[in-house]
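Report on the following structure.
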Amino acid sequence: MLRWFPWKQLIGRLARSRGLIDPVKLLSRLESFAQPLEVKEPLELLRAGLVFHARGLLNSSAIQYNLDWIWPFWVERQYDPYDDAFLPRAFSVTHVNLTHRNWTAVGLPDFPALPIVDPRGLVTPLWDGWSLDAWIIDEAGHCLVPSRADRSSQSLDLEGGIAVLTTVEDQGLHLESRVELRRAEHGAELCLTFEGTSDDRPAHLVAALRPYNPEGVSFIHHIELSSGRDGWSIDHRPAVRLDPPVEIHKLSSYHRGDVRAHLHEPEDEADGHIECRVGMATAAALYRLQPTRSRILRLVLPLRRPAHVHRPRPGASPAAQWRVGRDDPPSAGSSEPTWSDVLETCPGFETPDSDQRFLYDAAVRTLILHSPDDVYPGPYTYLRFWFRDAAFILDGLLCLGLFDRVERVLDTFPARQTRKGHFLSQEGEWDSNGEALWILERACRLSGRRPKEAWRTAIRKSARWIGDMRMPRDGSLYAGLLPAGFSAEHLGPNDYYYWDDFWSVKGLRCAARLLADLGGPKDAAWCLAEAADLEQAIDRSLDQVRQRLGRPAVPASPHRRLDAGVIGSLAAGYPLALWSPTDPRLLDSVEFLLKCCFVAGGFFQDMIHSGINPYLTLHVAQVLQRAGDPRAAQLTATVAGLASPTGQWPEAVHPRTGGGCMGDGQHAWAAAEWILLLRNSFVREEDEGLVLAAGMTERWADGGRRSFGPTPTSWGPITVTVEAASESPETGAVRISWHGDWRGEEPAVSVQPMGRVAQRASTTGRHGSIVIPAADAQRLLEVPR
């Protein structure tokens with residue numbers, strides 16, 4: 001009855017009777033811009049968009065009418081008409097962070113809570129929650145506010161863990177902060193240390209409780225100072241310990257304005273607790289500063305897990321449910337792994353380039369933080385699971401040798417599969433099965449472990465699902481391909497994306513190898529035949545597209561012209577290696593992107609992201625490096641320059657502000673791509689064997705030692721070293737050596753410095769080396785491909 005009821009006519013008529021646009025007609029018009037799809041819009045994308053813009057609607061009401069408040073860094077910049085980040089707001093119904101989406105998570109291995117710190121030291125302890133800040137105010141009313149300061153610096157301290165350090169100063173006032181998560185007897189404690197100094201006048205160091213975070217408003221309704229003046233209860237939960245006890249305490253509600261406006265008023269009885277119906281309560285704890293004498297303030301937030309963990313939405317992380325409080329239940333915190341425990345198995349990376357080394361160290365820790373029990377692309381906006389992101393992040397973890405960490409995520413895959421065999425993380429994504437099968441097989445190949453019997457049914461169903469989903473073989477442009485979908489939503493509206501098809505071909509081949517290892521020769525043979533048939537369908541489609549475009553470059557889909565969506569078609573080269581490194585279709589696609597879709601040296605995604613994508617720029621670099629094109633080094637340098645001072649990349653970078661403009665402010669996928677590019681610069685796998693030193697440029701001939709490993713390969717772990725050839729009579733000669741711990745037959749090894757033809761190297765057992773003459777080493781970038 002619900003199907004037959006004329007809902008569309010009723011809703012349309014009701015809207016027109018009120019003078020409103022017909023929503024049914026509007027949706028129909030929107031759908032006409034895309035290819036037909038049974039799933040009109042993935043529910044998860046709709047849900048995320050509604051939540052995002054619901055906050056934006058709150059921001060539009062809370063911020064622009066209260067610009068005398070102290071707001072987060074992004075607001076102070078985005079609302080400043082003299083700043084590059086300024087955005088006019090006249091017709092913007094929602095106000096969201098589009099210019100400085102940057103933050104850094106602090107945490108511990110295998111500990112799901114991920115507090116974040118913004119570029120000016122604002123700390124958000126809980127997912128989507130309120131924040132803590134620190135200021136200094138002198139008696140004349142001048143206030144050093146990090147989000148407004150002109151001079152600031154931030155760094156990441158990796159000694160013994162992860163700590164974010166922030167320093168700001170102005171007119172003789174200096175403020176330093178350190179934020180880190182530490183193990184505690186019953187879980188963990190978030191520790192904030194603030195040190196304030198005034199050069200020449202009395203002032204106050206201020207700890208401030210703020211009803212917002214790097215995305216915008218986050219409500220606080222009730223604040224109460226403890227009887228010992230050494231802690232805050234927030235919304236009736238003990239939350240923050242203050243050391244030393246507060247000397248002066250001030251509170252304010254929304255209608256009284258920001259607590260900043262009341263700091264010089266005397267404390268009264270009302271400043272013990274406050275209730276704000278709007279949810280914009282603020283608090284400040286003040287501590288006297290004597291001239292030239294620094295003072296230290298410590299805030300501690302114990303973190304506890306709720307008694308019953310549930311996932312609030314499909315794919316969401318339990319980390320989103322962590323709370324602060326003193327009544328932590330007992331936990332086995334002492335048995336949790338330490339940073340040294342986890343890092344000791346990771347490959348060493350030695351290089352004279354301190355920036356590259358720092359970015360590598362930061363990226364390794366980012367991947368470890370974002371894989372506590374599942375794997376997540378970010379600590380805030382993307383704190384949930386997607387197969388697409390997971391495949392690349394898990395590949396990064398595999399190349400670090402963290403097999404057990406990867407395996408526990410892979411063990412969750414069968415439970416994420418539908419009855420029909422679809423590995424589902426959001427509706428309408430047709431690439432996920434290929435990605436799941438690829439990473440399952442890659443994990444087995446790099447670790448040398450056999451696939452688990454418990455995976456057999458999921459693998460078989462997944463491969464069959466790909467075959468069942470293919471379009472009819474009717475002679476159309478998309479005959480035999482996967483249906484129109486939203487798989488990589490940044491490629492545009494739903495369409496017949498070649499991205500889905502490439503992943504499916506690779507997934508079928510991987511399924512064949514997995515099923516063969518599990519003793520299923522018939523299923524394996526079917527997978528290989530289906531992969532070959534799908535690959536032929538792709539080739540037939542691309543032949544027609546080539547005739548239409550007049551060039552071999554591969555558009556995002558059969559119907560599309562060449563645009564930024566071409567980036568998805570590079571999957572045939574990286575990471576899937578379906579095509580040879582010098583396939584004209586691949587190289588012409590790269591040439592189009594470099595000419596038409598790059599801004600400031602990085603790939604600019606016009607669609608949705610509207611920013612420079614560090615991780616997709618590295619995809620282009622991988623294809624170029626695989627082809628021996630020296631331009632890969634330039635792209636690598638560009639991405640290094642896009643990193644924040646704490647060594648993090650947002651999903652997309654604003655071309656004017658250099659801040660994040662899309663997605664999570666700490667993009668774990670980008671961190672994985674950095675690790676994978678560095679690793680492939682030293683050793684890359686091709687079907688026939690290993691290719692060494694593909695990332696070697698003229699900078700590697702500077703006499704400094706560079707080394708990476710041991711890193712896993714299909715034949716076993718290998719360490720590759722590039723250094724001055726001391727045994728050579730020529731000054732400037734370079735020796736490339738390697739040591740492999742092969743599990744069986746030795747691989748074929750070739751050495752291919754960037755810009756040079758590969759040289760097949762002879763090996764003796766587990767060792768090998770080759771010397772590049774000085775003249776060749778100094779002219780690497782001058783040698784034509």
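Following the order of the structure tokens, chains are lettered A, B, ..., residues in each are numbered from 1, and ligands are numbered from 1.
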Exercise for review: Show which residues sit within 8 Å of Pro414 (chain A), as a VMD selection string. Count only C-alpha atoms, and ignore same-chain residues fewer than 2 positions away.
Suggested key: chain A and resid 411 to 412 416 to 417 423 455 458
Check your understanding: Near Leu424 (chain A), counting only C-alpha atoms, which residues have an atom at most 12 Å away, once you skip same-chain residues fewer than 3 positions from it, shown as a count of residues only?
Key -> 31
Exercise for review: Tell me which protein, DNA and RNA residues are within 7 Å of Pro753 (chain A), counting only C-alpha atoms, leaving out same-chain ones fewer than 5 positions away, and put them as number ranges by chain.
Suggested key: A: 693-697
With all heavy atoms retained, export the selected residues as a PDB file, in the first residue's frame.
```
ATOM      1  N   ALA A 693      65.387   1.200  -6.076  1.00  0.00           N
ATOM      2  CA  ALA A 693      65.878   2.582  -6.254  1.00  0.00           C
ATOM      3  C   ALA A 693      65.117   3.349  -7.321  1.00  0.00           C
ATOM      4  O   ALA A 693      65.663   4.255  -7.956  1.00  0.00           O
ATOM      5  CB  ALA A 693      67.374   2.579  -6.561  1.00  0.00           C
ATOM      6  N   ALA A 694      63.825   3.050  -7.502  1.00  0.00           N
ATOM      7  CA  ALA A 694      63.046   3.754  -8.525  1.00  0.00           C
ATOM      8  C   ALA A 694      62.856   5.228  -8.181  1.00  0.00           C
ATOM      9  O   ALA A 694      62.556   6.036  -9.062  1.00  0.00           O
ATOM     10  CB  ALA A 694      61.681   3.090  -8.700  1.00  0.00           C
ATOM     11  N   GLY A 695      63.002   5.581  -6.918  1.00  0.00           N
ATOM     12  CA  GLY A 695      62.851   6.973  -6.527  1.00  0.00           C
ATOM     13  C   GLY A 695      64.149   7.741  -6.483  1.00  0.00           C
ATOM     14  O   GLY A 695      64.190   8.902  -6.051  1.00  0.00           O
ATOM     15  N   MET A 696      65.223   7.123  -6.944  1.00  0.00           N
ATOM     16  CA  MET A 696      66.540   7.760  -6.852  1.00  0.00           C
ATOM     17  C   MET A 696      66.660   8.907  -7.849  1.00  0.00           C
ATOM     18  O   MET A 696      66.493   8.744  -9.047  1.00  0.00           O
ATOM     19  CB  MET A 696      67.640   6.735  -7.116  1.00  0.00           C
ATOM     20  CG  MET A 696      69.037   7.316  -7.041  1.00  0.00           C
ATOM     21  SD  MET A 696      70.312   6.061  -7.292  1.00  0.00           S
ATOM     22  CE  MET A 696      71.777   7.074  -7.300  1.00  0.00           C
ATOM     23  N   THR A 697      66.949  10.100  -7.337  1.00  0.00           N
ATOM     24  CA  THR A 697      67.183  11.281  -8.162  1.00  0.00           C
ATOM     25  C   THR A 697      68.619  11.741  -7.959  1.00  0.00           C
ATOM     26  O   THR A 697      69.402  11.107  -7.241  1.00  0.00           O
ATOM     27  CB  THR A 697      66.232  12.417  -7.769  1.00  0.00           C
ATOM     28  OG1 THR A 697      66.567  12.865  -6.449  1.00  0.00           O
ATOM     29  CG2 THR A 697      64.787  11.954  -7.794  1.00  0.00           C
TER      30      THR A 697
END
```
**Study point:** Neighbour list for Asn102 (chain A) as a PyMOL selection string, cut-off 6 Å, only C-alpha atoms, skip fewer than 2 positions in-chain
**Key:** chain A and resi 100+660+665
Any chance you could export the current selection's all heavy atoms as a CSV table (one decimal), in the first residue's frame?
```csv
chain,number,residue,atom,x,y,z
A,100,HIS,N,40.5,26.1,7.2
A,100,HIS,CA,41.6,25.6,8.1
A,100,HIS,C,41.2,24.3,8.8
A,100,HIS,O,41.2,24.2,10.0
A,100,HIS,CB,41.9,26.7,9.1
A,100,HIS,CG,42.6,27.9,8.6
A,100,HIS,ND1,41.9,29.0,8.1
A,100,HIS,CD2,43.9,28.1,8.3
A,100,HIS,CE1,42.8,29.9,7.7
A,100,HIS,NE2,44.0,29.4,7.7
A,660,GLY,N,43.4,23.1,5.6
A,660,GLY,CA,42.5,22.1,5.0
A,660,GLY,C,41.2,22.7,4.6
A,660,GLY,O,40.7,23.6,5.2
A,665,GLY,N,40.9,16.7,9.1
A,665,GLY,CA,42.1,17.5,9.2
A,665,GLY,C,43.4,16.7,9.4
A,665,GLY,O,44.5,17.3,9.3
```
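Here CA of Glu275 (chain A) stands at a distance of 5.7 Å from CA of His221 (chain A).
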